[in-house]
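Asker: Attaching a single structure in structure tokens format; questions to follow.
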There are 2 protein chains.
Amino acid sequence: MLITELNLALPAWLRQQLSTPPASLPDTEQRMAWVLQLARQNIRAGTGGPFAAAVFDAEGQLIAAGVNLVLSSGLSCAHAEMVALSLAERQLQHFDLSGRQLQLVSSAEPCVMCLGAVHWAGVSELVYAACDEDVRAIGFDEGYKPQDWAAALRGHGMRVVPGVLREEGRAVLSEYRTHGGAIYNAGMEAP
Amino acid sequence: MLITELNLALPAWLRQQLSTPPASLPDTEQRMAWVLQLARQNIRAGTGGPFAAAVFDAEGQLIAAGVNLVLSSGLSCAHAEMVALSLAERQLQHFDLSGRQLQLVSSAEPCVMCLGAVHWAGVSELVYAACDEDVRAIGFDEGYKPQDWAAALRGHGMRVVPGVLREEGRAVLSEYRTHGGAIYNAGMEAP
């Protein structure tokens, strides 16, 4: 019997938190601190990799939050950014998030897949904490990204803000490594 | 109320077809012809963009099929390859498809997001019909891809086979354009 339907839910601890929508966070660093706290909770609850992301509107109101769910969902594409962007699109009932001054705040620099997702979703701003080299340093293979990907997104009118609370972002990754968290790269061995 | 759950189903016409699993297709061109037929049906049924993809095992048995569902699902990430890979992972109950000699057959060259998804899923072979320039020619902005992305995937041990039934793939794209199908790029206008 072939499977023809997909479903994906945020972990119970996060659904519980979001049942009372958080107060708006006017400042980008506040938003990042909130996102990094989600990434830590995802590690401690054992619900996925050490990553979280969220979409905020211009007033700092949360539109959608996501955490990495690769391990718990069994889906390699269930990265925090993909989850947050998809939930934001469902929340706003449109596949195109552009023209709404939305900000994607991610605990780490997006991998090649998530960069593509950011491109298609059309958020106005991408902000991240830990950088690509920090993520690779704990063993994740983030894929083959063009060196000048940020310039390309900026060329489309998107703001890209790297390294906001980077040290705190690196500390989240370190916690995952220290606790022996799974590094879920595909094997992709030569045949 | 914040949305905390995602779901995505193949269109009814495709679920109906897959209720009887297709006979195995030993030849890659046969598999591509089957996938291109799905892309045409997706256009004619009005269920999404002019793209389809499927995952086959080494004997040519279908593991999962996907079509582009951006318009019908309201999700910008619901590209055919993402849908097919995710359904394959659910079918095989693992986020890592590597080591199983699985082939992803796509009606068109993957965009930057789907290239990343292929990397994370770890299929052994990627085969596509229409090329990047064919997809861009009808107006889709496929994102900023490194010129040598195929070499990078090959460096991970993946086979990449471009242009299988390319003319037929281009004909599918032409049909979509002729019928006035929506080009669903994000706006991403400069603010």
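Ligands are numbered from 1 in the order shown, chains are lettered A, B, ... in the order of the structure tokens, and residues start at 1 in each chain.
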Pull out every residue of chain A that has at least one atom within 6 Å of chain B, counting only C-alpha atoms, and report them as a PyMOL selection string.

Answerer: chain A and resi 4-10+74-76+86+94-96+98+112-113+116-117+120-122+146+156-157+186-190

Asker: Mind listing the helix (DSSP H, G or I) residues of segment 84-164 of chain A, per DSSP on the backbone, as a PyMOL selection string?

Answerer: chain A and resi 84-92+112-121+132-137+149-155

Asker: Could you please take those selected residues and save N, CA and C atoms as a JSON list (two decimals), in the first residue's frame?

Answerer:
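New file result_14.json:
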```json
[["chain", "number", "residue", "atom", "x", "y", "z"],
["A", 84, "ALA", "N", 8.77, 26.14, 10.14],
["A", 84, "ALA", "CA", 8.27, 27.48, 10.48],
["A", 84, "ALA", "C", 7.67, 28.18, 9.26],
["A", 85, "LEU", "N", 8.35, 28.10, 8.13],
["A", 85, "LEU", "CA", 7.83, 28.76, 6.92],
["A", 85, "LEU", "C", 6.51, 28.12, 6.49],
["A", 86, "SER", "N", 6.43, 26.81, 6.53],
["A", 86, "SER", "CA", 5.20, 26.14, 6.09],
["A", 86, "SER", "C", 4.04, 26.48, 7.02],
["A", 87, "LEU", "N", 4.30, 26.49, 8.33],
["A", 87, "LEU", "CA", 3.24, 26.85, 9.27],
["A", 87, "LEU", "C", 2.82, 28.31, 9.07],
["A", 88, "ALA", "N", 3.78, 29.18, 8.77],
["A", 88, "ALA", "CA", 3.44, 30.59, 8.52],
["A", 88, "ALA", "C", 2.56, 30.71, 7.28],
["A", 89, "GLU", "N", 2.88, 29.94, 6.26],
["A", 89, "GLU", "CA", 2.08, 30.00, 5.03],
["A", 89, "GLU", "C", 0.66, 29.50, 5.29],
["A", 90, "ARG", "N", 0.54, 28.46, 6.09],
["A", 90, "ARG", "CA", -0.80, 27.98, 6.44],
["A", 90, "ARG", "C", -1.53, 29.01, 7.30],
["A", 91, "GLN", "N", -0.79, 29.64, 8.22],
["A", 91, "GLN", "CA", -1.40, 30.64, 9.10],
["A", 91, "GLN", "C", -1.94, 31.81, 8.28],
["A", 92, "LEU", "N", -1.16, 32.25, 7.30],
["A", 92, "LEU", "CA", -1.54, 33.42, 6.50],
["A", 92, "LEU", "C", -2.29, 33.01, 5.22],
["A", 112, "VAL", "N", 21.51, 24.28, 2.49],
["A", 112, "VAL", "CA", 21.19, 24.58, 1.09],
["A", 112, "VAL", "C", 19.69, 24.43, 0.81],
["A", 113, "MET", "N", 19.07, 23.39, 1.38],
["A", 113, "MET", "CA", 17.63, 23.20, 1.16],
["A", 113, "MET", "C", 16.83, 24.37, 1.73],
["A", 114, "CYS", "N", 17.17, 24.76, 2.95],
["A", 114, "CYS", "CA", 16.39, 25.82, 3.61],
["A", 114, "CYS", "C", 16.63, 27.18, 2.96],
["A", 115, "LEU", "N", 17.82, 27.40, 2.42],
["A", 115, "LEU", "CA", 18.03, 28.62, 1.65],
["A", 115, "LEU", "C", 17.06, 28.67, 0.48],
["A", 116, "GLY", "N", 16.90, 27.53, -0.18],
["A", 116, "GLY", "CA", 15.94, 27.47, -1.28],
["A", 116, "GLY", "C", 14.52, 27.74, -0.80],
["A", 117, "ALA", "N", 14.19, 27.20, 0.36],
["A", 117, "ALA", "CA", 12.85, 27.40, 0.91],
["A", 117, "ALA", "C", 12.61, 28.87, 1.24],
["A", 118, "VAL", "N", 13.63, 29.54, 1.75],
["A", 118, "VAL", "CA", 13.54, 30.97, 2.05],
["A", 118, "VAL", "C", 13.28, 31.76, 0.76],
["A", 119, "HIS", "N", 13.98, 31.37, -0.29],
["A", 119, "HIS", "CA", 13.81, 31.99, -1.60],
["A", 119, "HIS", "C", 12.37, 31.86, -2.10],
["A", 120, "TRP", "N", 11.80, 30.65, -1.99],
["A", 120, "TRP", "CA", 10.44, 30.43, -2.50],
["A", 120, "TRP", "C", 9.39, 31.08, -1.61],
["A", 121, "ALA", "N", 9.65, 31.10, -0.29],
["A", 121, "ALA", "CA", 8.63, 31.65, 0.62],
["A", 121, "ALA", "C", 8.58, 33.18, 0.52],
["A", 132, "ASP", "N", 27.28, 28.83, 9.35],
["A", 132, "ASP", "CA", 27.46, 27.56, 8.64],
["A", 132, "ASP", "C", 28.62, 26.75, 9.23],
["A", 133, "GLU", "N", 29.75, 27.41, 9.45],
["A", 133, "GLU", "CA", 30.91, 26.66, 9.95],
["A", 133, "GLU", "C", 30.67, 26.11, 11.35],
["A", 134, "ASP", "N", 29.84, 26.79, 12.14],
["A", 134, "ASP", "CA", 29.53, 26.29, 13.48],
["A", 134, "ASP", "C", 28.71, 25.00, 13.39],
["A", 135, "VAL", "N", 27.79, 24.97, 12.44],
["A", 135, "VAL", "CA", 26.93, 23.79, 12.28],
["A", 135, "VAL", "C", 27.74, 22.62, 11.74],
["A", 136, "ARG", "N", 28.59, 22.92, 10.76],
["A", 136, "ARG", "CA", 29.44, 21.85, 10.20],
["A", 136, "ARG", "C", 30.42, 21.32, 11.25],
["A", 137, "ALA", "N", 30.83, 22.20, 12.18],
["A", 137, "ALA", "CA", 31.83, 21.80, 13.17],
["A", 137, "ALA", "C", 31.32, 20.68, 14.08],
["A", 149, "TRP", "N", 25.71, 33.24, -1.45],
["A", 149, "TRP", "CA", 24.25, 33.05, -1.42],
["A", 149, "TRP", "C", 23.54, 34.26, -0.83],
["A", 150, "ALA", "N", 24.17, 34.89, 0.18],
["A", 150, "ALA", "CA", 23.50, 36.03, 0.83],
["A", 150, "ALA", "C", 23.36, 37.20, -0.16],
["A", 151, "ALA", "N", 24.39, 37.41, -0.95],
["A", 151, "ALA", "CA", 24.32, 38.47, -1.96],
["A", 151, "ALA", "C", 23.19, 38.19, -2.95],
["A", 152, "ALA", "N", 23.00, 36.92, -3.29],
["A", 152, "ALA", "CA", 21.93, 36.57, -4.23],
["A", 152, "ALA", "C", 20.57, 36.89, -3.62],
["A", 153, "LEU", "N", 20.37, 36.54, -2.35],
["A", 153, "LEU", "CA", 19.08, 36.86, -1.71],
["A", 153, "LEU", "C", 18.90, 38.37, -1.58],
["A", 154, "ARG", "N", 19.99, 39.05, -1.24],
["A", 154, "ARG", "CA", 19.90, 40.52, -1.14],
["A", 154, "ARG", "C", 19.54, 41.13, -2.49],
["A", 155, "GLY", "N", 20.04, 40.51, -3.55],
["A", 155, "GLY", "CA", 19.71, 40.98, -4.90],
["A", 155, "GLY", "C", 18.22, 40.86, -5.21]]
```

Asker: Please list as a PyMOL selection string every residue within 10 Å of Ala33 of chain A, counting only C-alpha atoms and excluding residues in the same chain fewer than 6 positions away.

Answerer: chain A and resi 39+105+107+129+164-165+168-169

Asker: Emit the selected residues as a PDB file, in the first residue's frame, including C-alpha atoms.

Answerer:
```
ATOM      1  CA  ALA A  39      16.205  24.905  20.150  1.00  0.00           C
ATOM      2  CA  VAL A 105      14.612  34.161  12.745  1.00  0.00           C
ATOM      3  CA  SER A 107      18.973  29.561  15.417  1.00  0.00           C
ATOM      4  CA  ALA A 129      22.659  33.066  15.084  1.00  0.00           C
ATOM      5  CA  VAL A 164      22.816  37.661  15.889  1.00  0.00           C
ATOM      6  CA  LEU A 165      23.594  36.082  19.301  1.00  0.00           C
ATOM      7  CA  GLU A 168      24.543  31.680  22.269  1.00  0.00           C
ATOM      8  CA  GLY A 169      23.727  29.836  19.043  1.00  0.00           C
TER       9      GLY A 169
END
```

Asker: Mind checking DSSP for segment 72-108 of chain B and telling me the strand (DSSP E) residues as an MDAnalysis selection string?

Answerer: chainID B and resid 103:108

Asker: At what distance in Å, to one decimal, does atom CA of Ile183 of chain B lie from atom CA of Leu102 of chain A?

Answerer: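 If I compute the distance from atom CA of Leu102 of chain A to atom CA of Ile183 of chain B, I get 21.7 Å.
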
Asker: Just want the 8 Å neighbourhood of Val127 of chain A, counted on only C-alpha atoms, with same-chain residues fewer than 5 positions away dropped. Output as a ChimeraX atom specification.

Answerer: /A:103-106,160-164

Asker: Could you check the closest approach to Trp13 of chain B for each of B:Ala108, B:Ala53, B:Ala45, B:Cys131 and tell me which residue wins, using only C-alpha atoms?

Answerer: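 For Trp13 of chain B, the nearest of the candidates is B:Ala45.
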
Asker: If I take atom CA of His179 of chain A and atom CA of Gly49 of chain A, how far is one from the other in Å, to one decimal?

Answerer: 11.5 Å
